[in-house]
$ cat entry.txt   # compact mmCIF, N, CA and C atoms
# COMPACT_ATOMS: atom_id res chain seq x y z
N MET A 1 -269.01 14.13 155.09
CA MET A 1 -270.02 13.27 154.49
C MET A 1 -270.58 13.97 153.26
N TYR A 2 -270.85 13.19 152.24
CA TYR A 2 -271.39 13.71 150.97
C TYR A 2 -272.73 13.04 150.67
N ASP A 3 -273.61 13.78 150.01
CA ASP A 3 -274.89 13.26 149.53
C ASP A 3 -274.84 13.17 148.02
N LEU A 4 -275.41 12.11 147.48
CA LEU A 4 -275.43 11.91 146.04
C LEU A 4 -276.39 12.89 145.38
N ALA A 5 -275.87 13.68 144.43
CA ALA A 5 -276.70 14.66 143.73
C ALA A 5 -277.10 14.16 142.35
N GLY A 6 -276.36 13.19 141.81
CA GLY A 6 -276.69 12.66 140.49
C GLY A 6 -275.82 11.48 140.13
N TYR A 7 -276.38 10.53 139.38
CA TYR A 7 -275.64 9.33 138.97
C TYR A 7 -276.04 8.93 137.56
N ARG A 8 -275.02 8.65 136.74
CA ARG A 8 -275.25 8.14 135.39
C ARG A 8 -274.36 6.92 135.17
N LEU A 9 -274.89 5.98 134.40
CA LEU A 9 -274.12 4.82 133.97
C LEU A 9 -274.21 4.76 132.46
N GLN A 10 -273.05 4.82 131.80
CA GLN A 10 -272.99 4.83 130.34
C GLN A 10 -273.88 5.94 129.76
N GLY A 11 -273.94 7.07 130.44
CA GLY A 11 -274.71 8.22 129.97
C GLY A 11 -276.18 8.21 130.33
N VAL A 12 -276.67 7.13 130.96
CA VAL A 12 -278.08 7.02 131.33
C VAL A 12 -278.23 7.38 132.81
N GLU A 13 -279.11 8.33 133.10
CA GLU A 13 -279.35 8.76 134.48
C GLU A 13 -280.20 7.72 135.21
N TYR A 14 -279.85 7.44 136.48
CA TYR A 14 -280.58 6.48 137.30
C TYR A 14 -281.12 7.17 138.55
N PRO A 15 -282.29 6.73 139.02
CA PRO A 15 -282.87 7.29 140.25
C PRO A 15 -282.24 6.65 141.49
N ILE A 16 -281.17 7.25 141.94
CA ILE A 16 -280.41 6.70 143.07
C ILE A 16 -280.16 7.82 144.07
N SER A 17 -280.28 7.51 145.35
CA SER A 17 -279.86 8.44 146.40
C SER A 17 -278.79 7.74 147.22
N GLY A 18 -278.00 8.51 147.95
CA GLY A 18 -276.98 7.86 148.74
C GLY A 18 -276.12 8.83 149.51
N GLU A 19 -275.21 8.24 150.29
CA GLU A 19 -274.25 9.03 151.05
C GLU A 19 -272.88 8.37 150.96
N LEU A 20 -271.86 9.22 151.05
CA LEU A 20 -270.48 8.79 150.89
C LEU A 20 -269.65 9.41 152.00
N GLY A 21 -268.91 8.59 152.70
CA GLY A 21 -267.98 9.08 153.71
C GLY A 21 -266.55 8.83 153.24
N LEU A 22 -265.68 9.81 153.46
CA LEU A 22 -264.27 9.70 153.10
C LEU A 22 -263.41 9.91 154.33
N ALA A 23 -262.45 9.01 154.55
CA ALA A 23 -261.49 9.14 155.64
C ALA A 23 -260.10 9.20 155.02
N PRO A 24 -259.35 10.30 155.23
CA PRO A 24 -258.02 10.42 154.63
C PRO A 24 -257.09 9.31 155.11
N LEU A 25 -256.29 8.79 154.18
CA LEU A 25 -255.27 7.81 154.52
C LEU A 25 -253.99 8.55 154.91
N ASP A 26 -253.16 7.94 155.73
CA ASP A 26 -251.89 8.55 156.15
C ASP A 26 -251.02 8.88 154.94
N GLY A 27 -250.29 9.96 155.04
CA GLY A 27 -249.33 10.32 154.01
C GLY A 27 -249.92 10.82 152.71
N GLY A 28 -251.18 11.26 152.74
CA GLY A 28 -251.79 11.77 151.53
C GLY A 28 -252.01 10.72 150.46
N ARG A 29 -252.18 9.47 150.87
CA ARG A 29 -252.32 8.36 149.92
C ARG A 29 -253.75 8.16 149.45
N GLY A 30 -254.60 9.14 149.64
CA GLY A 30 -255.98 9.03 149.19
C GLY A 30 -256.95 8.89 150.35
N TYR A 31 -258.03 8.14 150.11
CA TYR A 31 -259.12 8.04 151.08
C TYR A 31 -259.64 6.61 151.16
N GLU A 32 -260.08 6.25 152.36
CA GLU A 32 -260.93 5.07 152.50
C GLU A 32 -262.36 5.59 152.40
N PHE A 33 -263.20 4.88 151.64
CA PHE A 33 -264.58 5.34 151.50
C PHE A 33 -265.56 4.29 152.00
N THR A 34 -266.69 4.79 152.50
CA THR A 34 -267.86 3.97 152.80
C THR A 34 -269.01 4.63 152.07
N MET A 35 -269.80 3.83 151.40
CA MET A 35 -270.89 4.37 150.60
C MET A 35 -272.11 3.48 150.74
N ALA A 36 -273.27 4.11 150.85
CA ALA A 36 -274.55 3.40 150.84
C ALA A 36 -275.45 4.13 149.87
N VAL A 37 -276.02 3.39 148.92
CA VAL A 37 -276.93 4.00 147.94
C VAL A 37 -278.22 3.20 147.89
N THR A 38 -279.31 3.91 147.64
CA THR A 38 -280.61 3.29 147.43
C THR A 38 -280.94 3.41 145.96
N ASP A 39 -281.12 2.25 145.30
CA ASP A 39 -281.40 2.21 143.87
C ASP A 39 -282.90 2.02 143.66
N PHE A 40 -283.57 3.11 143.33
CA PHE A 40 -285.03 3.07 143.16
C PHE A 40 -285.43 2.38 141.86
N SER A 41 -284.49 2.22 140.92
CA SER A 41 -284.80 1.50 139.68
C SER A 41 -284.88 -0.01 139.93
N GLN A 42 -284.40 -0.44 141.11
CA GLN A 42 -284.46 -1.86 141.48
C GLN A 42 -285.29 -2.04 142.75
N GLY A 43 -286.35 -1.28 142.87
CA GLY A 43 -287.27 -1.45 143.99
C GLY A 43 -286.79 -0.90 145.31
N GLY A 44 -285.81 -0.01 145.30
CA GLY A 44 -285.34 0.59 146.54
C GLY A 44 -284.29 -0.23 147.27
N VAL A 45 -283.62 -1.13 146.57
CA VAL A 45 -282.58 -1.93 147.20
C VAL A 45 -281.44 -1.01 147.67
N VAL A 46 -280.91 -1.30 148.87
CA VAL A 46 -279.79 -0.54 149.42
C VAL A 46 -278.51 -1.33 149.17
N LEU A 47 -277.54 -0.68 148.54
CA LEU A 47 -276.26 -1.30 148.25
C LEU A 47 -275.17 -0.58 149.03
N ARG A 48 -274.26 -1.35 149.61
CA ARG A 48 -273.18 -0.78 150.43
C ARG A 48 -271.83 -1.15 149.83
N TYR A 49 -270.89 -0.20 149.95
CA TYR A 49 -269.56 -0.39 149.40
C TYR A 49 -268.53 0.15 150.39
N VAL A 50 -267.39 -0.54 150.47
CA VAL A 50 -266.24 -0.07 151.25
C VAL A 50 -265.01 -0.25 150.37
N GLY A 51 -264.13 0.73 150.37
CA GLY A 51 -262.94 0.60 149.55
C GLY A 51 -262.03 1.79 149.67
N PHE A 52 -261.22 1.98 148.64
CA PHE A 52 -260.21 3.03 148.63
C PHE A 52 -260.29 3.84 147.35
N LEU A 53 -260.07 5.12 147.48
CA LEU A 53 -259.96 6.05 146.36
C LEU A 53 -258.57 6.65 146.48
N GLN A 54 -257.67 6.28 145.55
CA GLN A 54 -256.27 6.63 145.72
C GLN A 54 -255.67 7.26 144.47
N PRO A 55 -254.80 8.28 144.66
CA PRO A 55 -254.09 8.84 143.51
C PRO A 55 -253.12 7.81 142.95
N ASP A 56 -252.94 7.84 141.62
CA ASP A 56 -252.09 6.86 140.96
C ASP A 56 -251.43 7.53 139.75
N ALA A 57 -250.21 8.01 139.93
CA ALA A 57 -249.44 8.63 138.86
C ALA A 57 -250.21 9.74 138.15
N GLY A 58 -250.77 10.65 138.93
CA GLY A 58 -251.50 11.78 138.36
C GLY A 58 -252.97 11.51 138.10
N ASN A 59 -253.37 10.28 138.17
CA ASN A 59 -254.78 9.91 138.04
C ASN A 59 -255.25 9.36 139.37
N TRP A 60 -256.38 8.69 139.38
CA TRP A 60 -256.89 8.05 140.58
C TRP A 60 -257.33 6.63 140.24
N THR A 61 -257.43 5.80 141.27
CA THR A 61 -258.05 4.49 141.12
C THR A 61 -259.07 4.30 142.24
N THR A 62 -260.12 3.57 141.92
CA THR A 62 -261.10 3.14 142.91
C THR A 62 -260.91 1.65 143.11
N LEU A 63 -260.87 1.23 144.36
CA LEU A 63 -260.75 -0.19 144.68
C LEU A 63 -261.82 -0.53 145.70
N VAL A 64 -262.83 -1.28 145.28
CA VAL A 64 -263.88 -1.74 146.18
C VAL A 64 -263.39 -3.03 146.82
N ILE A 65 -263.38 -3.09 148.15
CA ILE A 65 -262.92 -4.30 148.83
C ILE A 65 -264.05 -5.10 149.47
N ARG A 66 -265.21 -4.44 149.65
CA ARG A 66 -266.35 -5.14 150.26
C ARG A 66 -267.63 -4.46 149.79
N THR A 67 -268.62 -5.26 149.43
CA THR A 67 -269.88 -4.70 148.95
C THR A 67 -271.01 -5.71 149.07
N SER A 68 -272.23 -5.18 149.09
CA SER A 68 -273.42 -6.04 149.03
C SER A 68 -273.96 -6.11 147.60
N ASP A 69 -273.29 -5.45 146.66
CA ASP A 69 -273.71 -5.39 145.26
C ASP A 69 -273.14 -6.59 144.50
N PRO A 70 -273.99 -7.52 144.08
CA PRO A 70 -273.49 -8.72 143.39
C PRO A 70 -272.89 -8.42 142.01
N GLU A 71 -273.14 -7.24 141.46
CA GLU A 71 -272.62 -6.90 140.13
C GLU A 71 -271.38 -6.01 140.18
N ALA A 72 -270.92 -5.65 141.36
CA ALA A 72 -269.79 -4.74 141.49
C ALA A 72 -268.47 -5.42 141.14
N VAL A 73 -267.53 -4.64 140.64
CA VAL A 73 -266.16 -5.10 140.43
C VAL A 73 -265.43 -4.95 141.76
N VAL A 74 -264.92 -6.07 142.29
CA VAL A 74 -264.31 -6.09 143.62
C VAL A 74 -262.84 -6.49 143.50
N ASN A 75 -262.00 -5.86 144.32
CA ASN A 75 -260.57 -6.16 144.41
C ASN A 75 -259.83 -5.99 143.08
N THR A 76 -260.32 -5.10 142.24
CA THR A 76 -259.67 -4.76 140.97
C THR A 76 -259.63 -3.23 140.87
N PRO A 77 -258.43 -2.65 140.76
CA PRO A 77 -258.35 -1.19 140.64
C PRO A 77 -259.04 -0.71 139.36
N ILE A 78 -259.86 0.32 139.50
CA ILE A 78 -260.60 0.89 138.38
C ILE A 78 -260.07 2.31 138.14
N PRO A 79 -259.53 2.59 136.94
CA PRO A 79 -259.09 3.96 136.65
C PRO A 79 -260.25 4.94 136.84
N THR A 80 -259.95 6.04 137.53
CA THR A 80 -261.00 6.97 137.94
C THR A 80 -260.50 8.41 137.80
N ARG A 81 -261.41 9.29 137.38
CA ARG A 81 -261.11 10.72 137.37
C ARG A 81 -261.88 11.36 138.52
N VAL A 82 -261.18 12.15 139.32
CA VAL A 82 -261.77 12.76 140.51
C VAL A 82 -261.58 14.28 140.45
N THR A 83 -262.66 15.00 140.72
CA THR A 83 -262.60 16.45 140.89
C THR A 83 -263.22 16.74 142.25
N ILE A 84 -262.44 17.38 143.11
CA ILE A 84 -262.92 17.62 144.47
C ILE A 84 -262.60 19.07 144.86
N ASP A 85 -263.58 19.71 145.50
CA ASP A 85 -263.35 21.03 146.07
C ASP A 85 -264.07 21.08 147.41
N ASN A 86 -264.25 22.25 147.97
CA ASN A 86 -264.84 22.35 149.31
C ASN A 86 -266.30 21.93 149.38
N ARG A 87 -267.01 21.94 148.26
CA ARG A 87 -268.45 21.68 148.30
C ARG A 87 -268.90 20.49 147.47
N ARG A 88 -268.06 20.06 146.52
CA ARG A 88 -268.52 19.08 145.56
C ARG A 88 -267.43 18.07 145.22
N LEU A 89 -267.85 16.85 144.96
CA LEU A 89 -266.97 15.77 144.55
C LEU A 89 -267.57 15.12 143.31
N VAL A 90 -266.79 15.04 142.24
CA VAL A 90 -267.24 14.39 141.01
C VAL A 90 -266.33 13.21 140.75
N ILE A 91 -266.93 12.03 140.55
CA ILE A 91 -266.17 10.80 140.31
C ILE A 91 -266.66 10.19 139.00
N GLU A 92 -265.71 9.94 138.09
CA GLU A 92 -266.04 9.30 136.82
C GLU A 92 -265.01 8.19 136.59
N ASN A 93 -265.49 6.97 136.34
CA ASN A 93 -264.53 5.88 136.19
C ASN A 93 -264.60 5.22 134.81
N ALA A 94 -263.65 4.31 134.59
CA ALA A 94 -263.51 3.64 133.29
C ALA A 94 -264.66 2.69 132.99
N LEU A 95 -265.54 2.43 133.95
CA LEU A 95 -266.70 1.56 133.73
C LEU A 95 -267.91 2.36 133.23
N GLY A 96 -267.74 3.68 133.09
CA GLY A 96 -268.83 4.52 132.62
C GLY A 96 -269.73 5.03 133.72
N GLN A 97 -269.29 4.90 134.97
CA GLN A 97 -270.06 5.43 136.10
C GLN A 97 -269.64 6.88 136.34
N TYR A 98 -270.63 7.75 136.51
CA TYR A 98 -270.39 9.17 136.74
C TYR A 98 -271.29 9.60 137.88
N SER A 99 -270.69 10.13 138.95
CA SER A 99 -271.49 10.56 140.10
C SER A 99 -271.04 11.93 140.58
N VAL A 100 -272.02 12.70 141.04
CA VAL A 100 -271.77 14.02 141.61
C VAL A 100 -272.27 13.98 143.05
N TRP A 101 -271.41 14.38 143.97
CA TRP A 101 -271.70 14.37 145.40
C TRP A 101 -271.56 15.78 145.94
N THR A 102 -272.43 16.17 146.86
CA THR A 102 -272.32 17.47 147.51
C THR A 102 -272.04 17.27 149.00
N ARG A 103 -271.15 18.10 149.50
CA ARG A 103 -270.77 18.02 150.92
C ARG A 103 -271.91 18.52 151.78
N ARG A 104 -272.15 17.83 152.89
CA ARG A 104 -273.19 18.26 153.84
C ARG A 104 -272.75 19.48 154.60
$ encode --input "entry.txt" --output "structure tokens"
Amino acid sequence: MYDLAGYRLQGVEYPISGELGLAPLDGGRGYEFTMAVTDFSQGGVVLRYVGFLQPDAGNWTTLVIRTSDPEAVVNTPIPTRVTIDNRRLVIENALGQYSVWTRR
């Protein structure tokens, strides 16, 4: 499980907290993710996401398949850059979303 340490959209930092769970897919095909974030810039609304984070020809894609976020891109692969080590996960996608997660 990971905790959100920071989030930016198009370079603007937002007051968001959250947690991210990753479950490895068979054959090293990436991860299924579940994520819940609280967006304090929108009155503390909780948004939930379920999808896949998968390697794609040396890069990664994010695919959200279910969410409570009415503004999210759903069922469309989003090119994503992922950096992961034992303590930290950094995700940056083509939509300008940048998040840093720390392992619990």
$ axis_aligned_box --input "entry.txt" --around "segment 83-94 of chain A" --padding-each-side "8 Å" --output "JSON"
{"center_x": -265.7, "center_y": 12.5, "center_z": 141.2, "size_x": 22.5, "size_y": 35.7, "size_z": 32.4}
$ select_by_dssp --input "entry.txt" --residues "segment 25-71 of chain A" --states "strand (DSSP E or B)" --output "PyMOL selection string"
chain A and resi 31-39+45-56+59-67
$ write_last_selection --input "entry.txt" --atoms "N, CA and C atoms" --output "compact mmCIF listing (two decimals), in the coordinates of the input"
# COMPACT_ATOMS: atom_id res chain seq x y z
N TYR A 31 -258.03 8.14 150.11
CA TYR A 31 -259.12 8.04 151.08
C TYR A 31 -259.64 6.61 151.16
N GLU A 32 -260.08 6.25 152.36
CA GLU A 32 -260.93 5.07 152.50
C GLU A 32 -262.36 5.59 152.40
N PHE A 33 -263.20 4.88 151.64
CA PHE A 33 -264.58 5.34 151.50
C PHE A 33 -265.56 4.29 152.00
N THR A 34 -266.69 4.79 152.50
CA THR A 34 -267.86 3.97 152.80
C THR A 34 -269.01 4.63 152.07
N MET A 35 -269.80 3.83 151.40
CA MET A 35 -270.89 4.37 150.60
C MET A 35 -272.11 3.48 150.74
N ALA A 36 -273.27 4.11 150.85
CA ALA A 36 -274.55 3.40 150.84
C ALA A 36 -275.45 4.13 149.87
N VAL A 37 -276.02 3.39 148.92
CA VAL A 37 -276.93 4.00 147.94
C VAL A 37 -278.22 3.20 147.89
N THR A 38 -279.31 3.91 147.64
CA THR A 38 -280.61 3.29 147.43
C THR A 38 -280.94 3.41 145.96
N ASP A 39 -281.12 2.25 145.30
CA ASP A 39 -281.40 2.21 143.87
C ASP A 39 -282.90 2.02 143.66
N VAL A 45 -283.62 -1.13 146.57
CA VAL A 45 -282.58 -1.93 147.20
C VAL A 45 -281.44 -1.01 147.67
N VAL A 46 -280.91 -1.30 148.87
CA VAL A 46 -279.79 -0.54 149.42
C VAL A 46 -278.51 -1.33 149.17
N LEU A 47 -277.54 -0.68 148.54
CA LEU A 47 -276.26 -1.30 148.25
C LEU A 47 -275.17 -0.58 149.03
N ARG A 48 -274.26 -1.35 149.61
CA ARG A 48 -273.18 -0.78 150.43
C ARG A 48 -271.83 -1.15 149.83
N TYR A 49 -270.89 -0.20 149.95
CA TYR A 49 -269.56 -0.39 149.40
C TYR A 49 -268.53 0.15 150.39
N VAL A 50 -267.39 -0.54 150.47
CA VAL A 50 -266.24 -0.07 151.25
C VAL A 50 -265.01 -0.25 150.37
N GLY A 51 -264.13 0.73 150.37
CA GLY A 51 -262.94 0.60 149.55
C GLY A 51 -262.03 1.79 149.67
N PHE A 52 -261.22 1.98 148.64
CA PHE A 52 -260.21 3.03 148.63
C PHE A 52 -260.29 3.84 147.35
N LEU A 53 -260.07 5.12 147.48
CA LEU A 53 -259.96 6.05 146.36
C LEU A 53 -258.57 6.65 146.48
N GLN A 54 -257.67 6.28 145.55
CA GLN A 54 -256.27 6.63 145.72
C GLN A 54 -255.67 7.26 144.47
N PRO A 55 -254.80 8.28 144.66
CA PRO A 55 -254.09 8.84 143.51
C PRO A 55 -253.12 7.81 142.95
N ASP A 56 -252.94 7.84 141.62
CA ASP A 56 -252.09 6.86 140.96
C ASP A 56 -251.43 7.53 139.75
N ASN A 59 -253.37 10.28 138.17
CA ASN A 59 -254.78 9.91 138.04
C ASN A 59 -255.25 9.36 139.37
N TRP A 60 -256.38 8.69 139.38
CA TRP A 60 -256.89 8.05 140.58
C TRP A 60 -257.33 6.63 140.24
N THR A 61 -257.43 5.80 141.27
CA THR A 61 -258.05 4.49 141.12
C THR A 61 -259.07 4.30 142.24
N THR A 62 -260.12 3.57 141.92
CA THR A 62 -261.10 3.14 142.91
C THR A 62 -260.91 1.65 143.11
N LEU A 63 -260.87 1.23 144.36
CA LEU A 63 -260.75 -0.19 144.68
C LEU A 63 -261.82 -0.53 145.70
N VAL A 64 -262.83 -1.28 145.28
CA VAL A 64 -263.88 -1.74 146.18
C VAL A 64 -263.39 -3.03 146.82
N ILE A 65 -263.38 -3.09 148.15
CA ILE A 65 -262.92 -4.30 148.83
C ILE A 65 -264.05 -5.10 149.47
N ARG A 66 -265.21 -4.44 149.65
CA ARG A 66 -266.35 -5.14 150.26
C ARG A 66 -267.63 -4.46 149.79
N THR A 67 -268.62 -5.26 149.43
CA THR A 67 -269.88 -4.70 148.95
C THR A 67 -271.01 -5.71 149.07
$ closest_residue --input "entry.txt" --among "A:Ile91, A:Gly96, A:Arg29, A:Thr80" --to "Ala5 of chain A" --atoms "only C-alpha atoms"
A:Ile91
$ closest_residue --input "entry.txt" --among "A:Pro55, A:Pro70, A:Pro77, A:Gly18" --to "Leu4 of chain A" --atoms "all atoms listed in the file"
A:Gly18
$ closest_residue --input "entry.txt" --among "A:Val37, A:Val73, A:Leu95, A:Val45" --to "Ser17 of chain A" --atoms "all atoms listed in the file"
A:Val37
